[in-house]
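As provided, entry39.json (JSON, C-alpha atoms) reads as follows.
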[["chain", "number", "residue", "atom", "x", "y", "z"],
["L", 1, "MET", "CA", 17.60, 2.95, -32.03],
["L", 2, "ILE", "CA", 14.29, 2.50, -33.83],
["L", 3, "LYS", "CA", 12.57, 5.81, -34.61],
["L", 4, "ASP", "CA", 8.97, 4.52, -34.70],
["L", 5, "GLN", "CA", 7.48, 3.34, -31.39],
["L", 6, "ARG", "CA", 4.96, 1.12, -33.20],
["L", 7, "LEU", "CA", 7.81, -0.67, -34.98],
["L", 8, "ALA", "CA", 9.69, -1.05, -31.68],
["L", 9, "LEU", "CA", 6.58, -2.56, -30.08],
["L", 10, "ALA", "CA", 5.99, -4.84, -33.07],
["L", 11, "ILE", "CA", 9.59, -6.10, -32.93],
["L", 12, "SER", "CA", 9.32, -6.61, -29.16],
["L", 13, "ILE", "CA", 6.07, -8.56, -29.43],
["L", 14, "GLY", "CA", 7.31, -10.45, -32.46],
["L", 15, "LEU", "CA", 10.49, -11.51, -30.66],
["L", 16, "LEU", "CA", 9.94, -11.95, -26.92],
["L", 17, "PRO", "CA", 6.57, -13.76, -26.50],
["L", 18, "PRO", "CA", 7.53, -16.40, -29.10],
["L", 19, "ILE", "CA", 10.61, -17.13, -26.98],
["L", 20, "TRP", "CA", 8.25, -17.88, -24.07],
["L", 21, "ALA", "CA", 6.07, -20.02, -26.35],
["L", 22, "VAL", "CA", 9.04, -22.17, -27.28],
["L", 23, "VAL", "CA", 10.84, -22.26, -23.92],
["L", 24, "SER", "CA", 7.78, -22.84, -21.70],
["L", 25, "GLY", "CA", 7.14, -26.27, -23.22],
["L", 26, "HIS", "CA", 10.68, -27.31, -22.34],
["L", 27, "PHE", "CA", 9.86, -26.59, -18.70],
["L", 28, "GLY", "CA", 6.72, -28.73, -18.76],
["L", 29, "ILE", "CA", 4.28, -25.86, -19.14],
["L", 30, "THR", "CA", 1.65, -27.07, -21.58],
["L", 31, "CYS", "CA", -0.56, -23.99, -21.29],
["L", 32, "GLY", "CA", 1.99, -21.37, -22.34],
["L", 33, "ALA", "CA", -0.64, -19.34, -24.21],
["L", 34, "VAL", "CA", -2.14, -18.39, -20.83],
["L", 35, "ALA", "CA", 0.81, -15.99, -20.51],
["L", 36, "LEU", "CA", -0.27, -14.16, -23.65],
["L", 37, "ILE", "CA", -3.79, -13.71, -22.33],
["L", 38, "CYS", "CA", -2.47, -12.36, -19.03],
["L", 39, "ALA", "CA", -0.02, -10.08, -20.85],
["L", 40, "GLY", "CA", -2.94, -8.65, -22.79],
["L", 41, "ILE", "CA", -4.67, -7.81, -19.51],
["L", 42, "TYR", "CA", -1.47, -6.18, -18.22],
["L", 43, "VAL", "CA", -1.20, -4.09, -21.40],
["L", 44, "SER", "CA", -4.90, -3.17, -21.35],
["L", 45, "ALA", "CA", -4.40, -1.88, -17.79],
["L", 46, "GLY", "CA", -1.86, 0.58, -19.16],
["L", 47, "ASN", "CA", 1.47, -1.28, -18.76],
["L", 48, "LYS", "CA", 1.63, 0.01, -15.19],
["L", 49, "VAL", "CA", 4.34, -1.81, -13.28],
["L", 50, "GLU", "CA", 2.70, -0.70, -10.02],
["L", 51, "LEU", "CA", -0.21, -2.98, -10.94],
["L", 52, "GLY", "CA", 2.15, -5.92, -11.43],
["L", 53, "LEU", "CA", 1.95, -7.23, -7.88],
["L", 54, "PRO", "CA", -1.84, -6.85, -7.39],
["L", 55, "MET", "CA", -2.35, -8.30, -10.85],
["L", 56, "SER", "CA", -0.03, -11.23, -10.08],
["L", 57, "LEU", "CA", -1.79, -11.89, -6.77],
["L", 58, "GLY", "CA", -5.13, -11.62, -8.56],
["L", 59, "PHE", "CA", -4.08, -14.18, -11.15],
["L", 60, "LEU", "CA", -2.82, -16.55, -8.46],
["L", 61, "LEU", "CA", -6.10, -16.16, -6.55],
["L", 62, "SER", "CA", -7.98, -16.89, -9.76],
["L", 63, "ASP", "CA", -5.92, -20.06, -10.23],
["L", 64, "LEU", "CA", -6.94, -21.23, -6.76],
["L", 65, "MET", "CA", -10.54, -20.27, -7.47],
["L", 66, "ALA", "CA", -10.53, -22.33, -10.67],
["L", 67, "VAL", "CA", -9.29, -25.41, -8.80],
["L", 68, "CYS", "CA", -11.95, -24.89, -6.11],
["L", 69, "ALA", "CA", -14.61, -24.40, -8.75],
["L", 70, "VAL", "CA", -13.68, -27.61, -10.57],
["L", 71, "TRP", "CA", -13.90, -29.54, -7.31],
["L", 72, "LEU", "CA", -17.18, -27.89, -6.24],
["L", 73, "MET", "CA", -18.87, -28.42, -9.59],
["L", 74, "GLU", "CA", -18.01, -32.12, -9.40],
["L", 75, "ASN", "CA", -18.94, -32.60, -5.74],
["L", 76, "LEU", "CA", -21.93, -30.44, -4.83],
["L", 77, "PRO", "CA", -25.02, -32.63, -4.49],
["L", 78, "PHE", "CA", -27.44, -30.62, -6.62],
["L", 79, "PRO", "CA", -28.91, -31.83, -9.93],
["L", 80, "GLY", "CA", -27.82, -30.83, -13.42],
["L", 81, "ASP", "CA", -26.41, -27.38, -13.94],
["L", 82, "ALA", "CA", -27.26, -26.29, -10.39],
["L", 83, "ASN", "CA", -23.75, -27.17, -9.20],
["L", 84, "THR", "CA", -22.18, -25.04, -11.90],
["L", 85, "PHE", "CA", -24.52, -22.11, -11.29],
["L", 86, "LEU", "CA", -24.08, -22.16, -7.51],
["L", 87, "THR", "CA", -20.31, -22.52, -7.74],
["L", 88, "LEU", "CA", -19.92, -19.66, -10.20],
["L", 89, "ALA", "CA", -22.41, -17.42, -8.41],
["L", 90, "VAL", "CA", -20.92, -17.84, -4.93],
["L", 91, "LEU", "CA", -17.27, -17.71, -5.97],
["L", 92, "GLY", "CA", -17.87, -14.73, -8.27],
["L", 93, "PHE", "CA", -19.77, -12.88, -5.53],
["L", 94, "CYS", "CA", -17.02, -13.57, -2.98],
["L", 95, "ALA", "CA", -14.26, -12.58, -5.42],
["L", 96, "VAL", "CA", -15.84, -9.21, -6.10],
["L", 97, "LEU", "CA", -16.40, -8.50, -2.41],
["L", 98, "LEU", "CA", -12.85, -9.53, -1.52],
["L", 99, "CYS", "CA", -11.19, -7.62, -4.34],
["L", 100, "THR", "CA", -13.16, -4.43, -3.86],
["L", 101, "ARG", "CA", -12.23, -4.44, -0.17],
["L", 102, "LEU", "CA", -8.61, -5.35, -0.87],
["L", 103, "ASP", "CA", -8.11, -3.54, -4.17],
["L", 104, "LYS", "CA", -4.48, -2.72, -3.34],
["L", 105, "VAL", "CA", -3.80, -6.46, -2.93],
["L", 106, "PHE", "CA", -5.89, -8.03, -5.73],
["L", 107, "PHE", "CA", -6.60, -6.55, -9.17],
["L", 108, "LEU", "CA", -10.23, -7.55, -9.82],
["L", 109, "PRO", "CA", -9.97, -7.78, -13.64],
["L", 110, "ALA", "CA", -7.08, -10.23, -13.20],
["L", 111, "VAL", "CA", -9.11, -12.32, -10.77],
["L", 112, "LEU", "CA", -12.20, -12.53, -12.95],
["L", 113, "SER", "CA", -10.44, -13.04, -16.28],
["L", 114, "GLY", "CA", -7.85, -15.39, -14.79],
["L", 115, "TRP", "CA", -10.63, -17.44, -13.22],
["L", 116, "ALA", "CA", -12.26, -17.84, -16.63],
["L", 117, "VAL", "CA", -8.92, -18.82, -18.16],
["L", 118, "GLY", "CA", -8.26, -21.30, -15.36],
["L", 119, "LEU", "CA", -11.67, -22.87, -15.74],
["L", 120, "THR", "CA", -11.21, -23.12, -19.51],
["L", 121, "VAL", "CA", -7.90, -24.92, -19.09],
["L", 122, "MET", "CA", -8.67, -27.04, -16.02],
["L", 123, "GLY", "CA", -12.41, -27.65, -16.22],
["L", 124, "PRO", "CA", -12.29, -30.26, -18.98],
["L", 125, "LEU", "CA", -9.59, -32.19, -17.10],
["L", 126, "GLY", "CA", -11.69, -32.83, -14.00],
["L", 127, "PHE", "CA", -10.38, -32.48, -10.48],
["L", 128, "ALA", "CA", -8.81, -35.95, -10.27],
["L", 129, "ASN", "CA", -6.73, -35.27, -13.39],
["L", 130, "LEU", "CA", -5.46, -31.77, -12.61],
["L", 131, "GLY", "CA", -1.96, -32.95, -11.73],
["L", 132, "THR", "CA", 0.46, -30.05, -12.13],
["L", 133, "MET", "CA", -1.91, -27.99, -14.25],
["L", 134, "PRO", "CA", -2.72, -25.44, -11.49],
["L", 135, "LEU", "CA", 1.03, -24.84, -11.04],
["L", 136, "GLN", "CA", 1.52, -24.58, -14.81],
["L", 137, "VAL", "CA", -1.34, -22.08, -15.12],
["L", 138, "GLY", "CA", 0.00, -20.01, -12.22],
["L", 139, "VAL", "CA", 3.51, -19.88, -13.68],
["L", 140, "ALA", "CA", 2.14, -18.94, -17.11],
["L", 141, "MET", "CA", 0.01, -16.18, -15.54],
["L", 142, "LEU", "CA", 3.04, -14.70, -13.78],
["L", 143, "ALA", "CA", 5.09, -14.99, -16.98],
["L", 144, "GLY", "CA", 2.32, -13.09, -18.73],
["L", 145, "VAL", "CA", 2.53, -10.16, -16.34],
["L", 146, "TRP", "CA", 6.26, -9.99, -15.82],
["L", 147, "TYR", "CA", 7.79, -11.35, -19.02],
["L", 148, "ALA", "CA", 5.30, -10.96, -21.85],
["L", 149, "GLY", "CA", 3.91, -7.79, -20.26],
["L", 150, "TRP", "CA", 6.51, -5.83, -18.35],
["L", 151, "VAL", "CA", 9.71, -7.06, -20.07],
["L", 152, "VAL", "CA", 8.20, -6.53, -23.53],
["L", 153, "ASP", "CA", 7.20, -2.98, -22.54],
["L", 154, "VAL", "CA", 10.67, -2.20, -21.15],
["L", 155, "PHE", "CA", 12.38, -3.72, -24.20],
["L", 156, "SER", "CA", 10.22, -1.77, -26.65],
["L", 157, "ARG", "CA", 11.05, 1.45, -24.78],
["L", 158, "LEU", "CA", 14.76, 0.61, -24.87],
["L", 159, "ILE", "CA", 14.86, 0.03, -28.61],
["L", 160, "GLY", "CA", 12.27, 2.69, -29.50],
["L", 161, "PRO", "CA", 12.29, 6.47, -29.44],
["L", 162, "LYS", "CA", 12.41, 8.26, -26.11],
["L", 163, "ARG", "CA", 8.95, 9.28, -24.90]]
Represent the structure from my file as C-alpha cells, please.
Amino acid sequence: MIKDQRLALAISIGLLPPIWAVVSGHFGITCGAVALICAGIYVSAGNKVELGLPMSLGFLLSDLMAVCAVWLMENLPFPGDANTFLTLAVLGFCAVLLCTRLDKVFFLPAVLSGWAVGLTVMGPLGFANLGTMPLQVGVAMLAGVWYAGWVVDVFSRLIGPKR
C-alpha cells in the first residue's frame, strides 16, 4: 500500500493511460489521445461515477454533432465562412437547449468539449474521408471516461491510502 495519495495517483496515471496509448493503435484507433482529453473532463467533474453515463452519452452526442457539422459546413450553400458560422451557431444553440432540458441524460460540458475535439479530429478530413473516424473517436471518448478516468481513479484508491 502506498502511503501518499499523490504518489498513488501519479503511479496510476503513469501506468494505465500509456497502456491505452499503446493498445488503442493495435485496435485501429488512430486518435487514442482523445481518451486522455475526455478523462481530463471526467476528472475535472470530480471523478463522479454517477456522471459516467451522462458524460458518455454527451460525448457520443458530440461525436454525432461533429459528423453533422462537417457535412453541413461542406454542403450549406452560403458564401465563405457563413456555412461555418451558421453550423456552429445552430448546433451549439440546439445542444445547449437539449442538454439543459435533459441534464440527467447528457452532460453539457462533455457535449461541448467533445464536439470541439470531434471537429478538430474530423474537420480536416472532410466528410467524404471520415471512414471509421467517428467510430474511433466515440470509442476513444468512452475509453477516456471509463478506462482513463474511472479505472485510473479506482486503481489509485486501491493502491493508495484509505480516504
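Coordinates place atom CA of L:Leu142 at a distance of 11.1 Å from atom CA of L:Ala110.
Going from atom CA of L:Ile19 to atom CA of L:Tyr147 covers 10.2 Å.
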Next item on the list: Identify, on the basis of all atoms listed in the file, every residue whose closest approach to L:Cys38 does not exceed 9 Å; exclude the query and any residue fewer than 6 positions from it along the same chain; express the result as number ranges by chain.
Entry: L: 59, 110, 113-114, 140-145, 148-149
Item checked: Shell of 9 Å around L:Met1, only C-alpha atoms, local chain residues under 6 positions omitted, as a count of residues only -> 5
Check: Just how far from atom CA of L:Val70 is atom CA of L:Val34, in Å to one decimal?
Finding: 18.0 Å
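Considering the residues L:Gly25, L:Asn129, L:Pro77, L:Pro134 and counting all atoms listed in the file, L:Val117 has its shortest atom-to-atom contact with L:Pro134.
Among the candidates L:Gly92, L:Phe27, L:Ala33, L:Leu61, the one nearest to L:Val105 when counting only C-alpha atoms is L:Leu61.
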Next item on the list: Tell me which protein, DNA and RNA residues are within 10 Å of L:Val121, counting only C-alpha atoms, leaving out same-chain ones fewer than 6 positions away, and put them as a ChimeraX atom specification.
Entry: /L:31,34,66,115,130,133-134,137
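Candidate residues L:Gly138, L:Gly126, L:Gly32, L:Gly58 were compared for distance to L:Trp20, and the nearest is L:Gly32, using all atoms listed in the file.
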Emit stretch 143-160 of chain L of the structure in the block as a file comprising N, CA, C and O atoms, as a PDB file, in the first residue's frame.
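Generated file (selection-v6.pdb):
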ATOM      1  N   ALA L 143     -13.483   5.284 -23.757  1.00  0.00           N
ATOM      2  CA  ALA L 143     -12.295   4.808 -23.038  1.00  0.00           C
ATOM      3  C   ALA L 143     -11.776   5.888 -22.095  1.00  0.00           C
ATOM      4  O   ALA L 143     -11.269   5.589 -21.013  1.00  0.00           O
ATOM      5  N   GLY L 144     -11.919   7.140 -22.496  1.00  0.00           N
ATOM      6  CA  GLY L 144     -11.489   8.231 -21.632  1.00  0.00           C
ATOM      7  C   GLY L 144     -12.275   8.299 -20.342  1.00  0.00           C
ATOM      8  O   GLY L 144     -11.710   8.477 -19.258  1.00  0.00           O
ATOM      9  N   VAL L 145     -13.581   8.136 -20.447  1.00  0.00           N
ATOM     10  CA  VAL L 145     -14.426   8.184 -19.244  1.00  0.00           C
ATOM     11  C   VAL L 145     -14.198   6.952 -18.380  1.00  0.00           C
ATOM     12  O   VAL L 145     -13.931   7.058 -17.179  1.00  0.00           O
ATOM     13  N   TRP L 146     -14.315   5.782 -18.996  1.00  0.00           N
ATOM     14  CA  TRP L 146     -14.377   4.556 -18.207  1.00  0.00           C
ATOM     15  C   TRP L 146     -13.024   3.932 -17.904  1.00  0.00           C
ATOM     16  O   TRP L 146     -12.846   3.341 -16.834  1.00  0.00           O
ATOM     17  N   TYR L 147     -12.058   4.053 -18.780  1.00  0.00           N
ATOM     18  CA  TYR L 147     -10.747   3.466 -18.508  1.00  0.00           C
ATOM     19  C   TYR L 147      -9.787   4.505 -17.939  1.00  0.00           C
ATOM     20  O   TYR L 147      -9.334   4.382 -16.803  1.00  0.00           O
ATOM     21  N   ALA L 148      -9.495   5.533 -18.714  1.00  0.00           N
ATOM     22  CA  ALA L 148      -8.508   6.525 -18.262  1.00  0.00           C
ATOM     23  C   ALA L 148      -9.069   7.416 -17.164  1.00  0.00           C
ATOM     24  O   ALA L 148      -8.307   8.077 -16.466  1.00  0.00           O
ATOM     25  N   GLY L 149     -10.373   7.437 -16.983  1.00  0.00           N
ATOM     26  CA  GLY L 149     -10.989   8.215 -15.910  1.00  0.00           C
ATOM     27  C   GLY L 149     -11.331   7.352 -14.719  1.00  0.00           C
ATOM     28  O   GLY L 149     -10.654   7.375 -13.690  1.00  0.00           O
ATOM     29  N   TRP L 150     -12.350   6.535 -14.852  1.00  0.00           N
ATOM     30  CA  TRP L 150     -12.863   5.761 -13.729  1.00  0.00           C
ATOM     31  C   TRP L 150     -11.884   4.697 -13.249  1.00  0.00           C
ATOM     32  O   TRP L 150     -11.623   4.591 -12.051  1.00  0.00           O
ATOM     33  N   VAL L 151     -11.335   3.878 -14.169  1.00  0.00           N
ATOM     34  CA  VAL L 151     -10.421   2.811 -13.751  1.00  0.00           C
ATOM     35  C   VAL L 151      -9.173   3.388 -13.085  1.00  0.00           C
ATOM     36  O   VAL L 151      -8.714   2.869 -12.067  1.00  0.00           O
ATOM     37  N   VAL L 152      -8.632   4.459 -13.624  1.00  0.00           N
ATOM     38  CA  VAL L 152      -7.460   5.090 -13.000  1.00  0.00           C
ATOM     39  C   VAL L 152      -7.800   5.560 -11.594  1.00  0.00           C
ATOM     40  O   VAL L 152      -7.019   5.361 -10.656  1.00  0.00           O
ATOM     41  N   ASP L 153      -8.970   6.158 -11.413  1.00  0.00           N
ATOM     42  CA  ASP L 153      -9.388   6.613 -10.082  1.00  0.00           C
ATOM     43  C   ASP L 153      -9.518   5.433  -9.116  1.00  0.00           C
ATOM     44  O   ASP L 153      -9.016   5.484  -7.991  1.00  0.00           O
ATOM     45  N   VAL L 154     -10.181   4.369  -9.550  1.00  0.00           N
ATOM     46  CA  VAL L 154     -10.352   3.186  -8.696  1.00  0.00           C
ATOM     47  C   VAL L 154      -8.998   2.579  -8.357  1.00  0.00           C
ATOM     48  O   VAL L 154      -8.723   2.252  -7.192  1.00  0.00           O
ATOM     49  N   PHE L 155      -8.124   2.444  -9.355  1.00  0.00           N
ATOM     50  CA  PHE L 155      -6.805   1.861  -9.131  1.00  0.00           C
ATOM     51  C   PHE L 155      -5.992   2.698  -8.143  1.00  0.00           C
ATOM     52  O   PHE L 155      -5.354   2.152  -7.234  1.00  0.00           O
ATOM     53  N   SER L 156      -6.023   4.017  -8.304  1.00  0.00           N
ATOM     54  CA  SER L 156      -5.246   4.863  -7.389  1.00  0.00           C
ATOM     55  C   SER L 156      -5.778   4.775  -5.959  1.00  0.00           C
ATOM     56  O   SER L 156      -5.015   4.853  -5.003  1.00  0.00           O
ATOM     57  N   ARG L 157      -7.079   4.573  -5.816  1.00  0.00           N
ATOM     58  CA  ARG L 157      -7.650   4.396  -4.466  1.00  0.00           C
ATOM     59  C   ARG L 157      -7.266   3.040  -3.883  1.00  0.00           C
ATOM     60  O   ARG L 157      -7.086   2.911  -2.670  1.00  0.00           O
ATOM     61  N   LEU L 158      -7.161   2.029  -4.745  1.00  0.00           N
ATOM     62  CA  LEU L 158      -6.779   0.689  -4.277  1.00  0.00           C
ATOM     63  C   LEU L 158      -5.336   0.646  -3.785  1.00  0.00           C
ATOM     64  O   LEU L 158      -5.049  -0.023  -2.784  1.00  0.00           O
ATOM     65  N   ILE L 159      -4.446   1.323  -4.507  1.00  0.00           N
ATOM     66  CA  ILE L 159      -3.040   1.249  -4.115  1.00  0.00           C
ATOM     67  C   ILE L 159      -2.652   2.364  -3.151  1.00  0.00           C
ATOM     68  O   ILE L 159      -1.570   2.322  -2.567  1.00  0.00           O
ATOM     69  N   GLY L 160      -3.518   3.355  -2.966  1.00  0.00           N
ATOM     70  CA  GLY L 160      -3.208   4.487  -2.104  1.00  0.00           C
ATOM     71  C   GLY L 160      -3.798   4.330  -0.711  1.00  0.00           C
ATOM     72  O   GLY L 160      -4.440   3.337  -0.400  1.00  0.00           O
TER      73      GLY L 160
END
